[in-house]
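> This is the content of coords-v4.cif (mmCIF, C-alpha atoms):
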data_input
loop_
_atom_site.group_PDB
_atom_site.id
_atom_site.type_symbol
_atom_site.label_atom_id
_atom_site.label_comp_id
_atom_site.auth_asym_id
_atom_site.auth_seq_id
_atom_site.Cartn_x
_atom_site.Cartn_y
_atom_site.Cartn_z
ATOM 1 C CA VAL P 13 -46.032 -39.914 -46.967
ATOM 2 C CA ILE P 14 -45.852 -37.369 -44.149
ATOM 3 C CA SER P 15 -44.732 -40.020 -41.651
ATOM 4 C CA ARG P 16 -42.030 -41.173 -44.059
ATOM 5 C CA LYS P 17 -40.754 -37.604 -44.472
ATOM 6 C CA ARG P 18 -40.717 -37.134 -40.700
ATOM 7 C CA GLY P 19 -38.815 -40.387 -40.319
ATOM 8 C CA ARG P 20 -36.247 -39.334 -42.873
ATOM 9 C CA SER P 21 -35.809 -35.875 -41.339
ATOM 10 C CA GLY P 22 -35.443 -37.444 -37.898
ATOM 11 C CA ARG P 23 -32.767 -39.806 -39.162
ATOM 12 C CA SER P 24 -31.015 -36.952 -40.960
ATOM 13 C CA LEU P 25 -31.019 -34.893 -37.785
ATOM 14 C CA ALA P 26 -29.678 -37.829 -35.784
ATOM 15 C CA LEU P 27 -26.919 -38.368 -38.328
ATOM 16 C CA PHE P 28 -26.135 -34.657 -38.250
ATOM 17 C CA PHE P 29 -25.572 -34.661 -34.473
ATOM 18 C CA ALA P 30 -23.818 -38.023 -34.647
ATOM 19 C CA ASN P 31 -21.127 -36.439 -36.786
ATOM 20 C CA LYS P 32 -18.079 -36.091 -34.533
ATOM 21 C CA HIS P 33 -16.978 -32.761 -36.024
ATOM 22 C CA VAL P 34 -20.440 -31.212 -35.760
ATOM 23 C CA ARG P 35 -20.905 -32.446 -32.202
ATOM 24 C CA ASN P 36 -17.491 -31.094 -31.228
ATOM 25 C CA ARG P 37 -18.252 -27.620 -32.635
ATOM 26 C CA LEU P 38 -21.652 -27.483 -30.948
ATOM 27 C CA LEU P 39 -20.225 -28.495 -27.584
ATOM 28 C CA ALA P 40 -17.405 -25.967 -28.014
ATOM 29 C CA PHE P 41 -19.998 -23.251 -28.642
ATOM 30 C CA VAL P 42 -21.853 -24.180 -25.444
ATOM 31 C CA VAL P 43 -18.591 -24.141 -23.449
ATOM 32 C CA LYS P 44 -17.619 -20.709 -24.791
ATOM 33 C CA ALA P 45 -21.060 -19.168 -24.340
ATOM 34 C CA TYR P 46 -21.522 -20.399 -20.776
ATOM 35 C CA PHE P 47 -18.026 -20.141 -19.334
ATOM 36 C CA GLY P 48 -17.091 -17.024 -21.311
ATOM 37 C CA ALA P 49 -20.037 -15.079 -19.906
ATOM 38 C CA LEU P 50 -19.337 -16.483 -16.456
ATOM 39 C CA MET P 51 -15.680 -15.370 -16.543
ATOM 40 C CA VAL P 52 -16.692 -11.853 -17.587
ATOM 41 C CA SER P 53 -19.062 -11.735 -14.610
ATOM 42 C CA PHE P 54 -16.324 -13.021 -12.267
ATOM 43 C CA ALA P 55 -13.813 -10.490 -13.623
ATOM 44 C CA ARG P 56 -16.246 -7.610 -13.076
ATOM 45 C CA PHE P 57 -16.866 -8.711 -9.485
ATOM 46 C CA HIS P 58 -13.170 -8.985 -8.646
ATOM 47 C CA TYR P 59 -12.435 -5.668 -10.369
ATOM 48 C CA ARG P 60 -15.077 -3.873 -8.299
ATOM 49 C CA THR P 61 -13.792 -5.486 -5.105
ATOM 50 C CA VAL P 62 -10.193 -4.420 -5.828
ATOM 51 C CA ALA P 63 -11.313 -0.907 -6.805
ATOM 52 C CA ASP P 64 -13.338 -0.557 -3.592
ATOM 53 C CA ALA P 65 -10.408 -1.735 -1.462
ATOM 54 C CA LEU P 66 -8.015 0.653 -3.211
ATOM 55 C CA GLY P 67 -10.401 3.588 -2.771
ATOM 56 C CA ARG P 68 -11.244 2.828 0.832
ATOM 57 C CA THR P 69 -8.176 4.576 2.211
ATOM 58 C CA SER P 70 -5.242 6.659 1.081
ATOM 59 C CA HIS P 71 -2.977 3.791 2.222
ATOM 60 C CA PRO P 72 -4.508 0.639 0.674
ATOM 61 C CA PHE P 73 -1.832 -1.609 2.156
ATOM 62 C CA GLY P 74 -1.842 0.168 5.495
ATOM 63 C CA THR P 75 -3.731 -2.707 7.099
ATOM 64 C CA PHE P 76 -3.161 -6.413 6.586
ATOM 65 C CA ASP P 77 -6.825 -7.202 5.902
ATOM 66 C CA ASN P 78 -7.191 -4.544 3.200
ATOM 67 C CA GLY P 79 -3.911 -5.564 1.582
ATOM 68 C CA TYR P 80 -4.992 -9.207 1.697
ATOM 69 C CA THR P 81 -8.289 -8.329 0.009
ATOM 70 C CA ILE P 82 -6.461 -6.473 -2.784
ATOM 71 C CA LEU P 83 -3.999 -9.310 -3.404
ATOM 72 C CA TYR P 84 -6.648 -12.032 -3.156
ATOM 73 C CA HIS P 85 -9.083 -10.479 -5.619
ATOM 74 C CA SER P 86 -6.352 -9.184 -7.936
ATOM 75 C CA MET P 87 -5.215 -12.755 -8.511
ATOM 76 C CA PHE P 88 -8.714 -13.860 -9.430
ATOM 77 C CA LEU P 89 -9.180 -10.765 -11.591
ATOM 78 C CA ILE P 90 -6.140 -11.863 -13.616
ATOM 79 C CA ASP P 91 -7.416 -15.443 -13.699
ATOM 80 C CA ALA P 92 -10.983 -14.627 -14.780
ATOM 81 C CA GLY P 93 -9.920 -11.848 -17.166
ATOM 82 C CA LEU P 94 -7.456 -14.034 -19.034
ATOM 83 C CA ALA P 95 -9.941 -16.909 -19.118
ATOM 84 C CA ALA P 96 -12.668 -14.660 -20.561
ATOM 85 C CA VAL P 97 -10.386 -13.543 -23.392
ATOM 86 C CA GLY P 98 -9.402 -17.156 -24.041
ATOM 87 C CA TYR P 99 -12.997 -18.316 -24.279
ATOM 88 C CA PHE P 100 -14.035 -15.609 -26.729
ATOM 89 C CA CYS P 101 -10.844 -15.468 -28.812
ATOM 90 C CA GLU P 102 -9.932 -18.632 -30.677
ATOM 91 C CA SER P 103 -7.447 -18.596 -33.513
ATOM 92 C CA ALA P 104 -4.724 -20.650 -35.138
ATOM 93 C CA LEU P 105 -2.462 -17.622 -34.716
ATOM 94 C CA LEU P 106 -3.073 -17.720 -30.957
ATOM 95 C CA ARG P 107 -2.522 -21.492 -31.002
ATOM 96 C CA ASN P 108 -5.605 -22.030 -28.853
ATOM 97 C CA ARG P 109 -7.968 -23.751 -31.272
ATOM 98 C CA VAL P 110 -10.308 -26.228 -29.604
ATOM 99 C CA ARG P 111 -9.193 -29.701 -30.672
ATOM 100 C CA SER P 112 -11.846 -31.648 -28.811
ATOM 101 C CA VAL P 113 -14.557 -31.239 -26.187
ATOM 102 C CA ASP P 114 -15.292 -33.743 -23.442
ATOM 103 C CA PRO P 115 -18.439 -35.618 -24.608
ATOM 104 C CA TYR P 116 -19.145 -37.464 -21.361
ATOM 105 C CA PRO P 117 -22.229 -36.346 -19.352
ATOM 106 C CA MET P 118 -20.575 -37.154 -16.005
ATOM 107 C CA SER P 119 -17.678 -34.796 -16.798
ATOM 108 C CA TRP P 120 -20.147 -32.012 -17.588
ATOM 109 C CA LEU P 121 -22.188 -32.740 -14.469
ATOM 110 C CA VAL P 122 -19.182 -32.578 -12.138
ATOM 111 C CA THR P 123 -17.827 -29.431 -13.794
ATOM 112 C CA LEU P 124 -21.130 -27.544 -13.868
ATOM 113 C CA ALA P 125 -21.750 -28.454 -10.212
ATOM 114 C CA CYS P 126 -18.825 -26.148 -9.353
ATOM 115 C CA TYR P 127 -20.205 -23.060 -11.133
ATOM 116 C CA PRO P 128 -23.252 -20.773 -10.836
ATOM 117 C CA PRO P 129 -26.135 -21.294 -10.788
ATOM 118 C CA PHE P 130 -25.644 -25.033 -10.281
ATOM 119 C CA ASN P 131 -23.246 -24.649 -7.355
ATOM 120 C CA ASP P 132 -26.167 -23.339 -5.276
ATOM 121 C CA ALA P 133 -27.406 -26.928 -5.105
ATOM 122 C CA THR P 134 -23.878 -28.207 -4.451
ATOM 123 C CA GLY P 135 -23.444 -25.658 -1.664
ATOM 124 C CA THR P 136 -26.719 -26.752 -0.088
ATOM 125 C CA LEU P 137 -25.583 -30.372 0.002
ATOM 126 C CA LEU P 138 -21.977 -29.597 0.986
ATOM 127 C CA PRO P 139 -21.942 -26.142 2.600
ATOM 128 C CA LEU P 140 -18.722 -24.279 3.325
ATOM 129 C CA ASN P 141 -19.186 -21.926 6.265
ATOM 130 C CA MET P 142 -17.025 -19.168 7.703
ATOM 131 C CA GLY P 143 -19.320 -18.417 10.635
ATOM 132 C CA ASP P 144 -18.029 -17.650 14.118
ATOM 133 C CA GLN P 145 -19.593 -20.872 15.392
ATOM 134 C CA HIS P 146 -17.005 -22.808 13.364
ATOM 135 C CA ARG P 147 -13.996 -20.619 14.201
ATOM 136 C CA LEU P 148 -11.070 -22.136 16.072
ATOM 137 C CA ALA P 149 -9.429 -20.119 18.844
ATOM 138 C CA LEU P 150 -6.146 -19.539 17.006
ATOM 139 C CA PRO P 151 -3.586 -16.821 17.858
ATOM 140 C CA LEU P 152 -3.475 -13.792 15.549
ATOM 141 C CA THR P 153 0.006 -14.695 14.343
ATOM 142 C CA VAL P 154 -1.236 -18.129 13.232
ATOM 143 C CA LEU P 155 -4.194 -16.590 11.397
ATOM 144 C CA LEU P 156 -1.906 -14.143 9.594
ATOM 145 C CA GLY P 157 0.453 -16.978 8.703
ATOM 146 C CA LEU P 158 -2.393 -19.054 7.284
ATOM 147 C CA LYS P 159 -3.489 -16.151 5.096
ATOM 148 C CA MET P 160 0.031 -15.701 3.777
ATOM 149 C CA VAL P 161 0.268 -19.405 2.933
ATOM 150 C CA THR P 162 -3.142 -19.160 1.251
ATOM 151 C CA ILE P 163 -1.871 -16.310 -0.935
ATOM 152 C CA PHE P 164 1.241 -18.354 -1.772
ATOM 153 C CA PHE P 165 -0.782 -21.290 -3.071
ATOM 154 C CA PHE P 166 -3.170 -19.035 -4.973
ATOM 155 C CA LEU P 167 -0.094 -17.515 -6.630
ATOM 156 C CA ILE P 168 0.798 -21.015 -7.885
ATOM 157 C CA TYR P 169 -2.748 -21.259 -9.248
ATOM 158 C CA VAL P 170 -2.454 -17.926 -11.076
ATOM 159 C CA TRP P 171 1.002 -18.906 -12.349
ATOM 160 C CA ALA P 172 -0.621 -21.971 -13.899
ATOM 161 C CA THR P 173 -3.312 -19.783 -15.485
ATOM 162 C CA LEU P 174 -0.643 -17.518 -16.978
ATOM 163 C CA ALA P 175 1.209 -20.574 -18.296
ATOM 164 C CA LEU P 176 -1.976 -21.796 -19.980
ATOM 165 C CA ASN P 177 -2.438 -18.290 -21.379
ATOM 166 C CA LEU P 178 -5.311 -18.202 -23.891
ATOM 167 C CA LYS P 179 -5.528 -22.007 -23.897
ATOM 168 C CA PHE P 180 -7.341 -21.901 -20.560
ATOM 169 C CA SER P 181 -10.719 -23.619 -20.930
ATOM 170 C CA ASN P 182 -12.981 -26.060 -19.132
ATOM 171 C CA LEU P 183 -13.964 -29.375 -20.698
ATOM 172 C CA THR P 184 -11.802 -28.849 -23.787
ATOM 173 C CA ASN P 185 -8.455 -29.860 -25.221
ATOM 174 C CA ARG P 186 -6.540 -26.922 -26.666
ATOM 175 C CA GLY P 187 -3.141 -28.531 -26.750
ATOM 176 C CA ILE P 188 -0.510 -29.580 -24.246
ATOM 177 C CA VAL P 189 1.248 -26.961 -22.095
ATOM 178 C CA ARG P 190 4.686 -27.893 -20.771
ATOM 179 C CA GLY P 191 6.047 -24.547 -19.572
ATOM 180 C CA GLY P 192 5.897 -22.784 -16.216
ATOM 181 C CA PRO P 193 4.571 -24.877 -13.336
ATOM 182 C CA TYR P 194 3.457 -27.557 -15.816
ATOM 183 C CA ALA P 195 7.126 -28.456 -16.201
ATOM 184 C CA ILE P 196 7.075 -29.433 -12.517
ATOM 185 C CA LEU P 197 3.542 -30.665 -11.785
ATOM 186 C CA ARG P 198 0.944 -32.319 -13.972
ATOM 187 C CA HIS P 199 -1.952 -30.318 -12.487
ATOM 188 C CA PRO P 200 -0.471 -27.206 -10.806
ATOM 189 C CA ALA P 201 -3.730 -25.230 -10.985
ATOM 190 C CA TYR P 202 -5.670 -27.919 -9.123
ATOM 191 C CA PHE P 203 -2.820 -28.334 -6.656
ATOM 192 C CA GLY P 204 -2.524 -24.609 -5.943
ATOM 193 C CA LYS P 205 -6.241 -23.918 -5.604
ATOM 194 C CA ASN P 206 -6.994 -26.968 -3.454
ATOM 195 C CA MET P 207 -4.092 -26.312 -1.102
ATOM 196 C CA ALA P 208 -5.141 -22.654 -0.833
ATOM 197 C CA TRP P 209 -8.709 -23.633 0.074
ATOM 198 C CA TRP P 210 -7.488 -25.967 2.815
ATOM 199 C CA PHE P 211 -5.331 -23.282 4.418
ATOM 200 C CA GLU P 212 -8.081 -20.699 3.965
ATOM 201 C CA TYR P 213 -10.566 -22.858 5.876
ATOM 202 C CA ILE P 214 -8.288 -24.231 8.603
ATOM 203 C CA PRO P 215 -9.542 -21.549 11.030
ATOM 204 C CA TYR P 216 -13.111 -22.812 10.450
ATOM 205 C CA LEU P 217 -12.688 -26.506 11.202
ATOM 206 C CA LYS P 218 -14.084 -26.438 14.742
ATOM 207 C CA HIS P 219 -15.828 -29.724 15.604
ATOM 208 C CA GLY P 220 -14.994 -31.015 12.115
ATOM 209 C CA ALA P 221 -17.019 -28.352 10.318
ATOM 210 C CA ASN P 222 -16.256 -27.947 6.584
ATOM 211 C CA LEU P 223 -14.179 -31.140 6.457
ATOM 212 C CA LEU P 224 -16.482 -33.066 4.119
ATOM 213 C CA PRO P 225 -16.914 -30.253 1.548
ATOM 214 C CA LEU P 226 -13.168 -29.631 1.500
ATOM 215 C CA ILE P 227 -12.453 -33.318 0.926
#
Write the structure described by the file as structure tokens, please.

Amino acid sequence: VISRKRGRSGRSLALFFANKHVRNRLLAFVVKAYFGALMVSFARFHYRTVADALGRTSHPFGTFDNGYTILYHSMFLIDAGLAAVGYFCESALLRNRVRSVDPYPMSWLVTLACYPPFNDATGTLLPLNMGDQHRLALPLTVLLGLKMVTIFFFLIYVWATLALNLKFSNLTNRGIVRGGPYAILRHPAYFGKNMAWWFEYIPYLKHGANLLPLI
């Protein structure tokens, strides 16, 4: 009798998780809990970095490096802050209800490999280094130009985040966005961030270093 009851409860549980709606809501909860907390952590880090750079001197933009730090981390503060709100605030009024969640394990594996703590393993296999041993002997004007181009492409990335607004979310479908840069490119966020990373790491490509991780 006990074995029969266990068999029935096991089948009931399997049917429960096999239900598409139930599975979708459970996966959505996992996405929100993990990425929402992560975005809050990212936003706090970028906020502290910007605050430190602003308080370091009475003229925060008096030097290029300090101004670059403020602009760089301000963009990611906007990105992570907006994403955090989007993960924790879902409503029909906000038009950001989760319609579906990617159910494929490979999609989850690839996505999670890009975020803490899993990206520690990814970074061990494909390390990105900014050490002096990898630095190319480039003129100062070229280095400054590369940083400006990096900021430009990160601005495209942030523009895409603002266009997504509270629909921003990993591994989920919250509706189609056609405004802003999405009227021009299909994946402007990926385009902007990837181009920015390439220009950011050009000075550290000595002897082919960092090429494989960037690819």
> For Val52 of chain P, work out the shell of residues within 9 Å, counting all atoms listed in the file and skipping chain neighbours fewer than 2 positions away, then give it as a PyMOL selection string.
chain P and resi 47-50+54-57+92-93+95-97
> For Thr184 of chain P, which residue out of P:Asp91, P:Asp114, P:Asp77, P:Glu102 is the nearest one, using only C-alpha atoms?
P:Asp114
> Under the PyMOL selection byres ((chain P and resi 108-113) around 12), which residues of this model are included? Write them out as a JSON list (two decimals) with C-alpha atoms, in the frame of the given file.

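Final output, saved to selection-v2.json:
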[["chain", "number", "residue", "atom", "x", "y", "z"],
["P", 32, "LYS", "CA", -18.08, -36.09, -34.53],
["P", 33, "HIS", "CA", -16.98, -32.76, -36.02],
["P", 34, "VAL", "CA", -20.44, -31.21, -35.76],
["P", 35, "ARG", "CA", -20.90, -32.45, -32.20],
["P", 36, "ASN", "CA", -17.49, -31.09, -31.23],
["P", 37, "ARG", "CA", -18.25, -27.62, -32.64],
["P", 38, "LEU", "CA", -21.65, -27.48, -30.95],
["P", 39, "LEU", "CA", -20.23, -28.50, -27.58],
["P", 40, "ALA", "CA", -17.40, -25.97, -28.01],
["P", 41, "PHE", "CA", -20.00, -23.25, -28.64],
["P", 42, "VAL", "CA", -21.85, -24.18, -25.44],
["P", 43, "VAL", "CA", -18.59, -24.14, -23.45],
["P", 44, "LYS", "CA", -17.62, -20.71, -24.79],
["P", 95, "ALA", "CA", -9.94, -16.91, -19.12],
["P", 97, "VAL", "CA", -10.39, -13.54, -23.39],
["P", 98, "GLY", "CA", -9.40, -17.16, -24.04],
["P", 99, "TYR", "CA", -13.00, -18.32, -24.28],
["P", 100, "PHE", "CA", -14.04, -15.61, -26.73],
["P", 101, "CYS", "CA", -10.84, -15.47, -28.81],
["P", 102, "GLU", "CA", -9.93, -18.63, -30.68],
["P", 103, "SER", "CA", -7.45, -18.60, -33.51],
["P", 104, "ALA", "CA", -4.72, -20.65, -35.14],
["P", 105, "LEU", "CA", -2.46, -17.62, -34.72],
["P", 106, "LEU", "CA", -3.07, -17.72, -30.96],
["P", 107, "ARG", "CA", -2.52, -21.49, -31.00],
["P", 114, "ASP", "CA", -15.29, -33.74, -23.44],
["P", 115, "PRO", "CA", -18.44, -35.62, -24.61],
["P", 116, "TYR", "CA", -19.14, -37.46, -21.36],
["P", 117, "PRO", "CA", -22.23, -36.35, -19.35],
["P", 119, "SER", "CA", -17.68, -34.80, -16.80],
["P", 120, "TRP", "CA", -20.15, -32.01, -17.59],
["P", 176, "LEU", "CA", -1.98, -21.80, -19.98],
["P", 177, "ASN", "CA", -2.44, -18.29, -21.38],
["P", 178, "LEU", "CA", -5.31, -18.20, -23.89],
["P", 179, "LYS", "CA", -5.53, -22.01, -23.90],
["P", 180, "PHE", "CA", -7.34, -21.90, -20.56],
["P", 181, "SER", "CA", -10.72, -23.62, -20.93],
["P", 182, "ASN", "CA", -12.98, -26.06, -19.13],
["P", 183, "LEU", "CA", -13.96, -29.38, -20.70],
["P", 184, "THR", "CA", -11.80, -28.85, -23.79],
["P", 185, "ASN", "CA", -8.46, -29.86, -25.22],
["P", 186, "ARG", "CA", -6.54, -26.92, -26.67],
["P", 187, "GLY", "CA", -3.14, -28.53, -26.75],
["P", 188, "ILE", "CA", -0.51, -29.58, -24.25],
["P", 189, "VAL", "CA", 1.25, -26.96, -22.10]]
> Extending 3 Å beyond the listed atoms of segment 144-154 of chain P on each side, what axis-aligned box results? I want centre and edge lengths in Å to one decimal, as JSON.

{"center_x": -9.8, "center_y": -18.3, "center_z": 16.0, "size_x": 25.6, "size_y": 15.0, "size_z": 11.6}
> Once the PyMOL selection byres ((chain P and resi 145) around 12) is applied to the coordinates I shared, what remains selected? I want it as a PyMOL selection string.
chain P and resi 141-144+146-149+215-222
> If the PyMOL selection byres ((chain P and resi 209-212) around 9) were run on this exact file, what residues would it hold? Put them as a list of chain:residue names.
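This file gives the following for the PyMOL selection byres ((chain P and resi 209-212) around 9): P:Leu158, P:Lys159, P:Val161, P:Thr162, P:Phe165, P:Phe166, P:Gly204, P:Lys205, P:Asn206, P:Met207, P:Ala208, P:Tyr213, P:Ile214, P:Pro215, P:Tyr216, P:Leu226.
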> Quote the spacing between atom CA of Leu137 of chain P and atom CA of Thr123 of chain P in Å to one decimal place.
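Value for the atom CA of Leu137 of chain P-atom CA of Thr123 of chain P distance: 15.9 Å.
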> What's around segment 58-73 of chain P at 8 Å? Count all atoms listed in the file, leave out sequence neighbours fewer than 6 positions away in its own chain, and write the answer as an MDAnalysis selection string.
chainID P and resid 79 81:82 85:86 88:89
> In Å, rounded to a single decimal, give me how far atom CA of Val122 of chain P is from atom CA of Leu224 of chain P.
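We find that atom CA of Leu224 of chain P and atom CA of Val122 of chain P lie 16.5 Å from each other.
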> Select, from P:Gly157, P:Pro151, P:Ile90, P:Leu140, the residue with the minimum atom-to-atom distance to Tyr169 of chain P, counting all atoms listed in the file.
P:Ile90
> Could you check how far atom CA of Thr134 of chain P sits from atom CA of Ala201 of chain P, in Å to one decimal?
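Interatomic distance, atom CA of Thr134 of chain P to atom CA of Ala201 of chain P: 21.4 Å.
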> I'd like to know which of P:Asn131, P:Ile196, P:Leu94, P:Tyr46 is closest to Val170 of chain P, using all atoms listed in the file.
P:Leu94
> Between P:Tyr84, P:Tyr194, P:Phe76, P:Tyr127, single out the one closest to Ser53 of chain P, counting only C-alpha atoms.
P:Tyr127
